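Trainee: Input structure: coords.pdb, which contains PDB, C-alpha atoms, pLDDT in the B column.
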ATOM      1  CA  MET I   1      80.979  95.307 157.116  1.00 43.00           C
ATOM      2  CA  ALA I   2      81.300  98.688 158.757  1.00 43.00           C
ATOM      3  CA  ARG I   3      79.964  99.245 162.257  1.00 46.00           C
ATOM      4  CA  SER I   4      76.724 100.755 160.977  1.00 57.00           C
ATOM      5  CA  GLY I   5      76.492  98.294 158.067  1.00 83.00           C
ATOM      6  CA  TRP I   6      74.234  95.865 159.943  1.00 91.00           C
ATOM      7  CA  LEU I   7      71.839  98.672 160.793  1.00 88.00           C
ATOM      8  CA  LEU I   8      71.741  99.758 157.159  1.00 89.00           C
ATOM      9  CA  PHE I   9      70.679  96.290 156.058  1.00 90.00           C
ATOM     10  CA  GLY I  10      66.955  95.707 155.959  1.00 88.00           C
ATOM     11  CA  PRO I  11      64.582  92.789 156.525  1.00 89.00           C
ATOM     12  CA  LEU I  12      65.248  91.391 153.049  1.00 88.00           C
ATOM     13  CA  GLN I  13      68.941  91.033 153.875  1.00 92.00           C
ATOM     14  CA  TRP I  14      68.438  89.937 157.495  1.00 92.00           C
ATOM     15  CA  ILE I  15      66.058  87.124 156.554  1.00 89.00           C
ATOM     16  CA  ARG I  16      68.941  85.417 154.743  1.00 91.00           C
ATOM     17  CA  TYR I  17      70.499  84.698 158.151  1.00 94.00           C
ATOM     18  CA  VAL I  18      67.417  83.083 159.735  1.00 91.00           C
ATOM     19  CA  ASN I  19      67.961  79.457 160.850  1.00 90.00           C
ATOM     20  CA  LYS I  20      71.678  79.564 160.007  1.00 94.00           C
ATOM     21  CA  HIS I  21      74.429  78.991 162.552  1.00 96.00           C
ATOM     22  CA  VAL I  22      76.323  82.279 162.810  1.00 96.00           C
ATOM     23  CA  LYS I  23      79.028  84.122 164.669  1.00 96.00           C
ATOM     24  CA  VAL I  24      78.033  87.642 165.688  1.00 96.00           C
ATOM     25  CA  LYS I  25      80.798  90.089 166.515  1.00 94.00           C
ATOM     26  CA  ALA I  26      79.633  92.813 168.875  1.00 92.00           C
ATOM     27  CA  GLY I  27      82.389  95.072 170.070  1.00 81.00           C
ATOM     28  CA  ARG I  28      86.133  94.410 170.011  1.00 82.00           C
ATOM     29  CA  ASP I  29      86.206  91.353 172.241  1.00 87.00           C
ATOM     30  CA  GLU I  30      82.591  90.201 172.250  1.00 93.00           C
ATOM     31  CA  GLU I  31      81.485  87.310 170.091  1.00 95.00           C
ATOM     32  CA  HIS I  32      78.299  85.228 170.180  1.00 96.00           C
ATOM     33  CA  ARG I  33      77.454  82.047 168.309  1.00 96.00           C
ATOM     34  CA  GLY I  34      74.116  80.410 167.708  1.00 96.00           C
ATOM     35  CA  HIS I  35      71.305  79.811 165.266  1.00 96.00           C
ATOM     36  CA  VAL I  36      69.446  82.936 164.169  1.00 94.00           C
ATOM     37  CA  LEU I  37      65.828  82.610 165.239  1.00 92.00           C
ATOM     38  CA  THR I  38      64.873  86.038 163.940  1.00 92.00           C
ATOM     39  CA  VAL I  39      66.078  89.591 163.485  1.00 93.00           C
ATOM     40  CA  ASP I  40      63.922  92.354 164.910  1.00 93.00           C
ATOM     41  CA  PRO I  41      62.976  94.603 161.989  1.00 90.00           C
ATOM     42  CA  VAL I  42      62.840  97.744 164.130  1.00 90.00           C
ATOM     43  CA  SER I  43      65.991  97.483 166.256  1.00 92.00           C
ATOM     44  CA  ALA I  44      68.018  95.096 164.024  1.00 93.00           C
ATOM     45  CA  SER I  45      68.603  92.963 167.134  1.00 95.00           C
ATOM     46  CA  VAL I  46      69.623  89.375 166.438  1.00 96.00           C
ATOM     47  CA  VAL I  47      67.915  86.583 168.404  1.00 95.00           C
ATOM     48  CA  LEU I  48      70.297  83.626 168.748  1.00 96.00           C
ATOM     49  CA  VAL I  49      69.294  80.162 169.933  1.00 94.00           C
ATOM     50  CA  ASN I  50      71.610  77.425 171.192  1.00 93.00           C
ATOM     51  CA  PHE I  51      70.473  73.883 171.888  1.00 90.00           C
ATOM     52  CA  GLY I  52      71.998  72.242 174.933  1.00 87.00           C
ATOM     53  CA  GLU I  53      71.950  68.782 176.367  1.00 84.00           C
ATOM     54  CA  GLU I  54      68.721  67.169 177.537  1.00 78.00           C
ATOM     55  CA  GLY I  55      66.588  69.441 175.357  1.00 76.00           C
ATOM     56  CA  THR I  56      67.584  72.708 176.992  1.00 84.00           C
ATOM     57  CA  VAL I  57      67.450  75.853 174.899  1.00 87.00           C
ATOM     58  CA  SER I  58      69.209  79.141 175.541  1.00 91.00           C
ATOM     59  CA  VAL I  59      68.188  82.354 173.848  1.00 92.00           C
ATOM     60  CA  ARG I  60      70.393  85.426 173.556  1.00 94.00           C
ATOM     61  CA  VAL I  61      69.515  88.781 172.040  1.00 95.00           C
ATOM     62  CA  VAL I  62      72.362  90.801 170.561  1.00 95.00           C
ATOM     63  CA  MET I  63      71.202  94.386 170.264  1.00 94.00           C
ATOM     64  CA  GLY I  64      71.299  95.676 166.698  1.00 93.00           C
ATOM     65  CA  HIS I  65      73.327  98.778 167.484  1.00 91.00           C
ATOM     66  CA  ALA I  66      76.115  96.577 168.887  1.00 92.00           C
ATOM     67  CA  VAL I  67      76.347  94.212 165.900  1.00 94.00           C
ATOM     68  CA  GLU I  68      79.515  94.810 163.936  1.00 92.00           C
ATOM     69  CA  GLU I  69      79.682  91.661 161.835  1.00 92.00           C
ATOM     70  CA  VAL I  70      77.641  88.521 161.213  1.00 94.00           C
ATOM     71  CA  GLU I  71      79.394  85.517 159.713  1.00 95.00           C
ATOM     72  CA  VAL I  72      77.539  82.395 158.584  1.00 95.00           C
ATOM     73  CA  LEU I  73      79.266  79.312 160.006  1.00 96.00           C
ATOM     74  CA  GLN I  74      76.810  76.669 158.791  1.00 94.00           C
ATOM     75  CA  GLN I  75      73.771  76.619 156.543  1.00 92.00           C
ATOM     76  CA  ALA I  76      70.424  75.591 158.007  1.00 83.00           C
ATOM     77  CA  ASP I  77      69.376  71.960 157.738  1.00 85.00           C
ATOM     78  CA  MET I  78      65.867  70.528 158.028  1.00 82.00           C
ATOM     79  CA  GLU I  79      66.329  69.257 161.596  1.00 83.00           C
ATOM     80  CA  THR I  80      67.625  72.583 162.892  1.00 84.00           C
ATOM     81  CA  THR I  81      64.875  74.496 161.106  1.00 82.00           C
ATOM     82  CA  ALA I  82      62.253  72.246 162.738  1.00 80.00           C
ATOM     83  CA  ARG I  83      63.832  72.651 166.177  1.00 82.00           C
ATOM     84  CA  LEU I  84      63.925  76.437 165.779  1.00 82.00           C
ATOM     85  CA  SER I  85      60.259  76.471 164.739  1.00 77.00           C
ATOM     86  CA  ALA I  86      59.414  74.586 167.932  1.00 73.00           C
ATOM     87  CA  VAL I  87      61.178  77.289 169.981  1.00 75.00           C
ATOM     88  CA  LEU I  88      58.578  79.777 168.779  1.00 66.00           C
ATOM     89  CA  LEU I  89      55.816  77.788 170.465  1.00 57.00           C
ATOM     90  CA  LEU I  90      53.345  78.300 167.683  1.00 50.00           C
ATOM     91  CA  PRO I  91      49.704  78.594 168.773  1.00 52.00           C
ATOM     92  CA  ASP I  92      47.919  75.299 169.386  1.00 54.00           C
ATOM     93  CA  SER I  93      45.594  76.064 166.498  1.00 54.00           C
ATOM     94  CA  SER I  94      48.459  75.481 164.054  1.00 60.00           C
ATOM     95  CA  ARG I  95      48.262  71.733 164.676  1.00 70.00           C
ATOM     96  CA  PHE I  96      44.637  71.532 163.506  1.00 75.00           C
ATOM     97  CA  SER I  97      43.234  71.564 159.995  1.00 78.00           C
ATOM     98  CA  VAL I  98      40.739  74.240 158.985  1.00 79.00           C
ATOM     99  CA  GLY I  99      37.963  71.644 159.078  1.00 84.00           C
ATOM    100  CA  GLU I 100      38.923  70.476 162.563  1.00 85.00           C
ATOM    101  CA  LEU I 101      38.997  74.049 163.853  1.00 84.00           C
ATOM    102  CA  GLN I 102      35.510  74.642 162.422  1.00 87.00           C
ATOM    103  CA  ARG I 103      34.274  71.461 164.132  1.00 89.00           C
ATOM    104  CA  ARG I 104      35.781  72.565 167.444  1.00 89.00           C
ATOM    105  CA  LYS I 105      34.277  76.047 167.084  1.00 91.00           C
ATOM    106  CA  GLU I 106      30.798  74.640 166.425  1.00 92.00           C
ATOM    107  CA  CYS I 107      31.152  72.181 169.315  1.00 93.00           C
ATOM    108  CA  VAL I 108      31.940  75.023 171.715  1.00 94.00           C
ATOM    109  CA  ARG I 109      29.225  77.284 170.294  1.00 94.00           C
ATOM    110  CA  ARG I 110      26.548  74.572 170.690  1.00 94.00           C
ATOM    111  CA  TRP I 111      27.727  73.692 174.197  1.00 95.00           C
ATOM    112  CA  LEU I 112      27.564  77.316 175.319  1.00 95.00           C
ATOM    113  CA  GLU I 113      24.134  77.799 173.723  1.00 95.00           C
ATOM    114  CA  LYS I 114      22.867  74.603 175.403  1.00 95.00           C
ATOM    115  CA  ASN I 115      23.959  76.113 178.717  1.00 95.00           C
ATOM    116  CA  ARG I 116      22.132  79.363 177.879  1.00 95.00           C
ATOM    117  CA  VAL I 117      25.286  81.406 177.429  1.00 94.00           C
ATOM    118  CA  PRO I 118      24.936  84.071 174.722  1.00 95.00           C
ATOM    119  CA  VAL I 119      27.513  83.334 172.027  1.00 94.00           C
ATOM    120  CA  GLU I 120      28.040  84.561 168.480  1.00 93.00           C
ATOM    121  CA  ASN I 121      30.658  84.474 165.758  1.00 88.00           C
ATOM    122  CA  ASP I 122      33.056  87.387 165.873  1.00 80.00           C
ATOM    123  CA  TYR I 123      32.903  88.408 162.249  1.00 76.00           C
ATOM    124  CA  GLY I 124      36.237  89.380 160.830  1.00 71.00           C
ATOM    125  CA  SER I 125      38.041  86.775 162.930  1.00 76.00           C
ATOM    126  CA  GLU I 126      37.793  83.104 163.818  1.00 84.00           C
ATOM    127  CA  ALA I 127      36.865  83.892 167.420  1.00 88.00           C
ATOM    128  CA  LEU I 128      33.616  83.355 169.309  1.00 92.00           C
ATOM    129  CA  LYS I 129      32.185  86.281 171.294  1.00 93.00           C
ATOM    130  CA  VAL I 130      30.605  85.309 174.597  1.00 93.00           C
ATOM    131  CA  GLY I 131      28.170  87.769 176.118  1.00 88.00           C
ATOM    132  CA  GLY I 132      29.927  90.636 174.391  1.00 84.00           C
ATOM    133  CA  THR I 133      32.647  90.611 177.047  1.00 89.00           C
ATOM    134  CA  LEU I 134      34.708  87.510 176.380  1.00 92.00           C
ATOM    135  CA  THR I 135      36.439  86.031 173.332  1.00 92.00           C
ATOM    136  CA  VAL I 136      37.248  82.374 172.703  1.00 91.00           C
ATOM    137  CA  MET I 137      40.096  82.053 170.199  1.00 88.00           C
ATOM    138  CA  PRO I 138      41.138  78.968 168.197  1.00 85.00           C
ATOM    139  CA  PRO I 139      41.551  76.134 169.091  1.00 85.00           C
ATOM    140  CA  TYR I 140      38.622  76.960 171.398  1.00 88.00           C
ATOM    141  CA  GLY I 141      39.763  75.423 174.667  1.00 88.00           C
ATOM    142  CA  PRO I 142      39.495  76.792 178.222  1.00 90.00           C
ATOM    143  CA  ASP I 143      42.955  78.352 177.958  1.00 88.00           C
ATOM    144  CA  ASP I 144      41.948  80.173 174.762  1.00 88.00           C
ATOM    145  CA  CYS I 145      39.467  82.476 176.533  1.00 90.00           C
ATOM    146  CA  GLN I 146      40.264  86.166 176.804  1.00 90.00           C
ATOM    147  CA  GLY I 147      38.302  88.711 178.774  1.00 88.00           C
ATOM    148  CA  SER I 148      38.690  91.392 181.404  1.00 88.00           C
ATOM    149  CA  ASN I 149      35.849  90.201 183.682  1.00 89.00           C
ATOM    150  CA  GLU I 150      37.504  87.528 185.823  1.00 89.00           C
ATOM    151  CA  ILE I 151      34.180  86.108 187.053  1.00 91.00           C
ATOM    152  CA  ILE I 152      32.770  85.545 183.562  1.00 91.00           C
ATOM    153  CA  LEU I 153      36.145  84.300 182.332  1.00 92.00           C
ATOM    154  CA  SER I 154      36.360  81.728 185.122  1.00 93.00           C
ATOM    155  CA  ARG I 155      32.776  80.517 184.626  1.00 93.00           C
ATOM    156  CA  VAL I 156      33.137  80.081 180.866  1.00 94.00           C
ATOM    157  CA  GLN I 157      36.445  78.253 181.312  1.00 93.00           C
ATOM    158  CA  LYS I 158      34.845  75.867 183.830  1.00 94.00           C
ATOM    159  CA  LEU I 159      31.908  75.345 181.483  1.00 94.00           C
ATOM    160  CA  LEU I 160      34.255  74.460 178.629  1.00 93.00           C
ATOM    161  CA  LEU I 161      36.058  71.991 180.890  1.00 91.00           C
ATOM    162  CA  MET I 162      32.712  70.269 181.649  1.00 91.00           C
ATOM    163  CA  ASN I 163      31.786  69.784 177.977  1.00 85.00           C
ATOM    164  CA  PRO I 164      30.924  66.045 177.714  1.00 79.00           C
ATOM    165  CA  ALA I 165      31.935  66.027 174.059  1.00 70.00           C
ATOM    166  CA  THR I 166      35.641  66.417 174.596  1.00 58.00           C
ATOM    167  CA  LEU I 167      37.119  68.719 172.029  1.00 51.00           C
ATOM    168  CA  ASP I 168      39.627  66.080 171.007  1.00 52.00           C
ATOM    169  CA  GLY I 169      37.015  63.357 170.720  1.00 47.00           C
ATOM    170  CA  PRO I 170      34.370  62.534 168.114  1.00 44.00           C
ATOM    171  CA  GLY I 171      31.484  64.319 169.855  1.00 44.00           C
ATOM    172  CA  ASP I 172      29.903  67.516 168.631  1.00 45.00           C
ATOM    173  CA  GLY I 173      28.882  69.165 171.887  1.00 46.00           C
ATOM    174  CA  SER I 174      25.171  68.573 171.333  1.00 48.00           C
ATOM    175  CA  GLU I 175      24.717  65.754 173.859  1.00 46.00           C
TER     176      GLU I 175
END
Please render this file's structure as structure tokens.
Mentor:
Amino acid sequence: MARSGWLLFGPLQWIRYVNKHVKVKAGRDEEHRGHVLTVDPVSASVVLVNFGEEGTVSVRVVMGHAVEEVEVLQQADMETTARLSAVLLLPDSSRFSVGELQRRKECVRRWLEKNRVPVENDYGSEALKVGGTLTVMPPYGPDDCQGSNEIILSRVQKLLLMNPATLDGPGDGSE
């Protein structure tokens, strides 16, 4: 491919490289190998991942303007695809079913109401709005709180930590 060929490709062509083990030529003497995690659709930059010993992971970004050629060395297998998905560190909510997330949301809502904290559903999203200044995102734990008022944020996080119906247990937060 010509020097600008990679840049002329688009997301539909780049996605064919995702999860595959490739060799990326960038410049006359520069060559990088790894599994393609993703290709940035704006800059055409290639994100390569290499798995080392003892579970280490290295990530390298080859800027799109420098890419001259991409050669597939090995097709993706199920194990590699799973390992690459784990690199992304998907949100915790992805490990819960829709029903479990609803249960967790209701548990938190009831616990906050019991403690006289104003809480309501944030319509248009799965979040809970607390006092109009804080948002609790799925999976509704202390680390899932977002807000600019540090005092309110800290107090709500502590309150969620004190919930006797642990979010991973069978309780419903109404004790």
Trainee: Quick one: of I:Glu68, I:Asp40, I:Glu126, I:Glu54, who's nearest to Pro138 (chain I), counting only C-alpha atoms?
Mentor: I:Glu126
Trainee: Residues of region 57-126 of chain I within 9 Å of region 155-159 of chain I: nearest atom pair and distance (Å, one decimal) for each, counting only C-alpha atoms, sorted by chain and number, as JSON lines?
Mentor:
{"residue": "I:Trp111", "atom": "CA", "partner": "I:Leu159", "partner_atom": "CA", "distance": 8.6}
{"residue": "I:Leu112", "atom": "CA", "partner": "I:Leu159", "partner_atom": "CA", "distance": 7.8}
{"residue": "I:Asn115", "atom": "CA", "partner": "I:Leu159", "partner_atom": "CA", "distance": 8.5}
{"residue": "I:Val117", "atom": "CA", "partner": "I:Val156", "partner_atom": "CA", "distance": 8.7}
Trainee: Any chance you could work out the residue set of the PyMOL selection byres ((chain I and resi 69) around 7) here, as number ranges by chain?
Mentor: I: 1, 24-25, 67-68, 70-71
Trainee: Under the rule of at most 10 Å, produce a per-residue listing of region 69-88 of chain I near region 56-63 of chain I: chain, number, name, the closest pair of atoms, and the distance in Å, as a Markdown table, using all atoms listed in the file.
Mentor:
| residue | atom | partner | partner_atom | distance |
| --- | --- | --- | --- | --- |
| I:Arg83 | CA | I:Val57 | CA | 10.0 |
| I:Leu84 | CA | I:Val57 | CA | 9.8 |
| I:Val87 | CA | I:Val57 | CA | 8.1 |
Trainee: Which value, in Å to one decimal, gives the distance between CA of Gly131 (chain I) and CA of Ile152 (chain I)?
Mentor: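 Between CA of Gly131 (chain I) and CA of Ile152 (chain I) the gap works out to 9.0 Å.
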Trainee: Going by the chain IDs and residue numbers used in this file, which residues fall under the PyMOL selection byres ((chain I and resi 145) around 12)? Write them as a PyMOL selection string.
Mentor: chain I and resi 108+127-130+133-144+146-150+152-161
Trainee: Distance CA of Tyr17 (chain I)-CA of Gln74 (chain I), one decimal place?
Mentor: 10.2 Å
Trainee: Need the shell around His21 (chain I): protein/DNA/RNA residues with any atom at most 7 Å away, counting only C-alpha atoms. Skip same-chain ones fewer than 4 positions apart. Format as a list of chain:residue names?
Mentor: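 Returned residues: I:Gly34, I:His35, I:Val36, I:Val72, I:Leu73, I:Gln74, I:Gln75, I:Ala76.
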Trainee: To test your reading of the syntax: which residues would the PyMOL selection byres ((chain I and resi 37) around 6) return for the file shown? Reply as a ChimeraX atom specification.
Mentor: /I:18-19,36,38,47-48
Trainee: Leaving out Gln13 (chain I) and any residue of its chain fewer than 6 positions from it, which residues lie within 12 Å of it when counting only C-alpha atoms, given as a PyMOL selection string?
Mentor: chain I and resi 5-7+38-39+41+44+70
Trainee: Rounded to one decimal place, report the CA of Met78 (chain I)-CA of Gly52 (chain I) distance in Å.
Mentor: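 Pair CA of Met78 (chain I) / CA of Gly52 (chain I) returns 18.1 Å.
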Trainee: Choose the residue, out of I:Ala86, I:Cys107, I:Val42, I:Ala66, that has the smallest atom-to-atom separation from Gly27 (chain I); count all atoms listed in the file.
Mentor: I:Ala66
Trainee: Output: region 32-149 of chain I of the preceding structure, restricted to C-alpha atoms, written as a short mmCIF file (atom, residue, chain, number, x, y, z; two decimals), in the first residue's frame.
Mentor:
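Result file out_14.cif:
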data_model
loop_
_atom_site.label_atom_id
_atom_site.label_comp_id
_atom_site.auth_asym_id
_atom_site.auth_seq_id
_atom_site.Cartn_x
_atom_site.Cartn_y
_atom_site.Cartn_z
CA HIS I 32 6.11 -2.89 15.29
CA ARG I 33 4.36 -6.16 16.02
CA GLY I 34 1.39 -6.87 18.22
CA HIS I 35 -2.32 -7.55 18.38
CA VAL I 36 -4.52 -4.72 17.12
CA LEU I 37 -6.71 -3.55 19.98
CA THR I 38 -8.33 -0.80 17.94
CA VAL I 39 -7.72 1.78 15.25
CA ASP I 40 -8.60 5.37 16.05
CA PRO I 41 -11.19 6.46 13.47
CA VAL I 42 -10.04 10.08 13.48
CA SER I 43 -6.24 9.79 13.35
CA ALA I 44 -5.97 6.25 11.88
CA SER I 45 -3.56 5.44 14.72
CA VAL I 46 -3.11 1.74 15.44
CA VAL I 47 -3.19 0.57 19.07
CA LEU I 48 -1.05 -2.56 19.45
CA VAL I 49 -1.04 -4.83 22.49
CA ASN I 50 1.61 -7.39 23.42
CA PHE I 51 1.21 -9.88 26.24
CA GLY I 52 4.31 -10.55 28.29
CA GLU I 53 5.22 -13.00 30.98
CA GLU I 54 3.43 -13.02 34.32
CA GLY I 55 0.36 -11.28 32.88
CA THR I 56 2.09 -8.07 31.87
CA VAL I 57 0.64 -6.11 28.98
CA SER I 58 2.36 -3.49 26.86
CA VAL I 59 0.45 -1.06 24.70
CA ARG I 60 1.95 0.88 21.80
CA VAL I 61 0.26 3.46 19.61
CA VAL I 62 1.56 3.83 16.07
CA MET I 63 0.39 7.18 14.75
CA GLY I 64 -1.75 6.87 11.64
CA HIS I 65 0.27 9.31 9.56
CA ALA I 66 3.38 7.14 10.07
CA VAL I 67 1.77 3.83 9.06
CA GLU I 68 3.05 2.67 5.70
CA GLU I 69 1.95 -0.95 5.70
CA VAL I 70 0.02 -3.36 7.92
CA GLU I 71 0.53 -7.07 7.40
CA VAL I 72 -1.56 -9.71 9.16
CA LEU I 73 0.73 -12.34 10.69
CA GLN I 74 -1.90 -14.42 12.48
CA GLN I 75 -5.68 -14.48 12.63
CA ALA I 76 -7.40 -13.85 15.95
CA ASP I 77 -8.32 -16.83 18.10
CA MET I 78 -10.88 -16.96 20.91
CA GLU I 79 -8.30 -16.79 23.71
CA THR I 80 -6.54 -13.75 22.28
CA THR I 81 -9.85 -12.00 21.62
CA ALA I 82 -10.87 -12.57 25.26
CA ARG I 83 -7.52 -11.31 26.55
CA LEU I 84 -7.76 -8.19 24.39
CA SER I 85 -11.29 -7.52 25.66
CA ALA I 86 -9.96 -7.66 29.21
CA VAL I 87 -7.36 -5.00 28.34
CA LEU I 88 -10.20 -2.56 27.72
CA LEU I 89 -11.30 -2.84 31.35
CA LEU I 90 -14.97 -2.78 30.54
CA PRO I 91 -17.17 -1.06 33.13
CA ASP I 92 -18.14 -3.18 36.12
CA SER I 93 -21.76 -2.99 35.04
CA SER I 94 -21.00 -5.28 32.09
CA ARG I 95 -20.70 -8.25 34.45
CA PHE I 96 -24.27 -7.85 35.72
CA SER I 97 -27.54 -8.80 34.07
CA VAL I 98 -30.18 -6.15 33.44
CA GLY I 99 -32.26 -7.59 36.28
CA GLU I 100 -29.34 -7.51 38.70
CA LEU I 101 -28.55 -3.90 37.81
CA GLN I 102 -32.19 -2.95 38.44
CA ARG I 103 -32.06 -4.70 41.83
CA ARG I 104 -28.85 -2.86 42.73
CA LYS I 105 -30.33 0.47 41.61
CA GLU I 106 -33.45 -0.03 43.74
CA CYS I 107 -31.35 -1.14 46.72
CA VAL I 108 -29.30 2.07 46.54
CA ARG I 109 -32.36 4.26 45.95
CA ARG I 110 -34.18 2.81 49.00
CA TRP I 111 -31.07 3.09 51.18
CA LEU I 112 -30.58 6.74 50.27
CA GLU I 113 -34.28 7.52 50.82
CA LYS I 114 -34.18 5.75 54.21
CA ASN I 115 -31.31 8.06 55.14
CA ARG I 116 -33.33 11.09 53.98
CA VAL I 117 -31.16 11.80 50.96
CA PRO I 118 -33.15 13.16 48.01
CA VAL I 119 -32.76 10.72 45.12
CA GLU I 120 -34.55 10.24 41.82
CA ASN I 121 -34.16 8.34 38.57
CA ASP I 122 -32.25 10.24 35.93
CA TYR I 123 -34.62 9.75 33.04
CA GLY I 124 -32.88 9.09 29.78
CA SER I 125 -30.12 7.12 31.50
CA GLU I 126 -29.70 4.34 34.03
CA ALA I 127 -28.23 6.71 36.61
CA LEU I 128 -29.62 7.92 39.93
CA LYS I 129 -29.59 11.66 40.65
CA VAL I 130 -28.78 12.57 44.23
CA GLY I 131 -29.81 16.01 45.40
CA GLY I 132 -29.55 17.33 41.87
CA THR I 133 -25.77 17.58 42.22
CA LEU I 134 -24.49 14.02 42.15
CA THR I 135 -24.97 11.03 39.84
CA VAL I 136 -24.65 7.36 40.75
CA MET I 137 -23.94 5.28 37.65
CA PRO I 138 -24.29 1.50 37.21
CA PRO I 139 -23.36 -0.75 38.98
CA TYR I 140 -24.27 1.72 41.75
CA GLY I 141 -21.33 1.34 44.11
CA PRO I 142 -19.38 4.02 46.02
CA ASP I 143 -16.84 4.29 43.19
CA ASP I 144 -19.64 4.90 40.67
CA CYS I 145 -20.55 8.32 42.11
CA GLN I 146 -19.83 11.42 40.07
CA GLY I 147 -20.21 14.99 41.24
CA SER I 148 -18.34 18.25 41.52
CA ASN I 149 -19.16 18.92 45.21
#
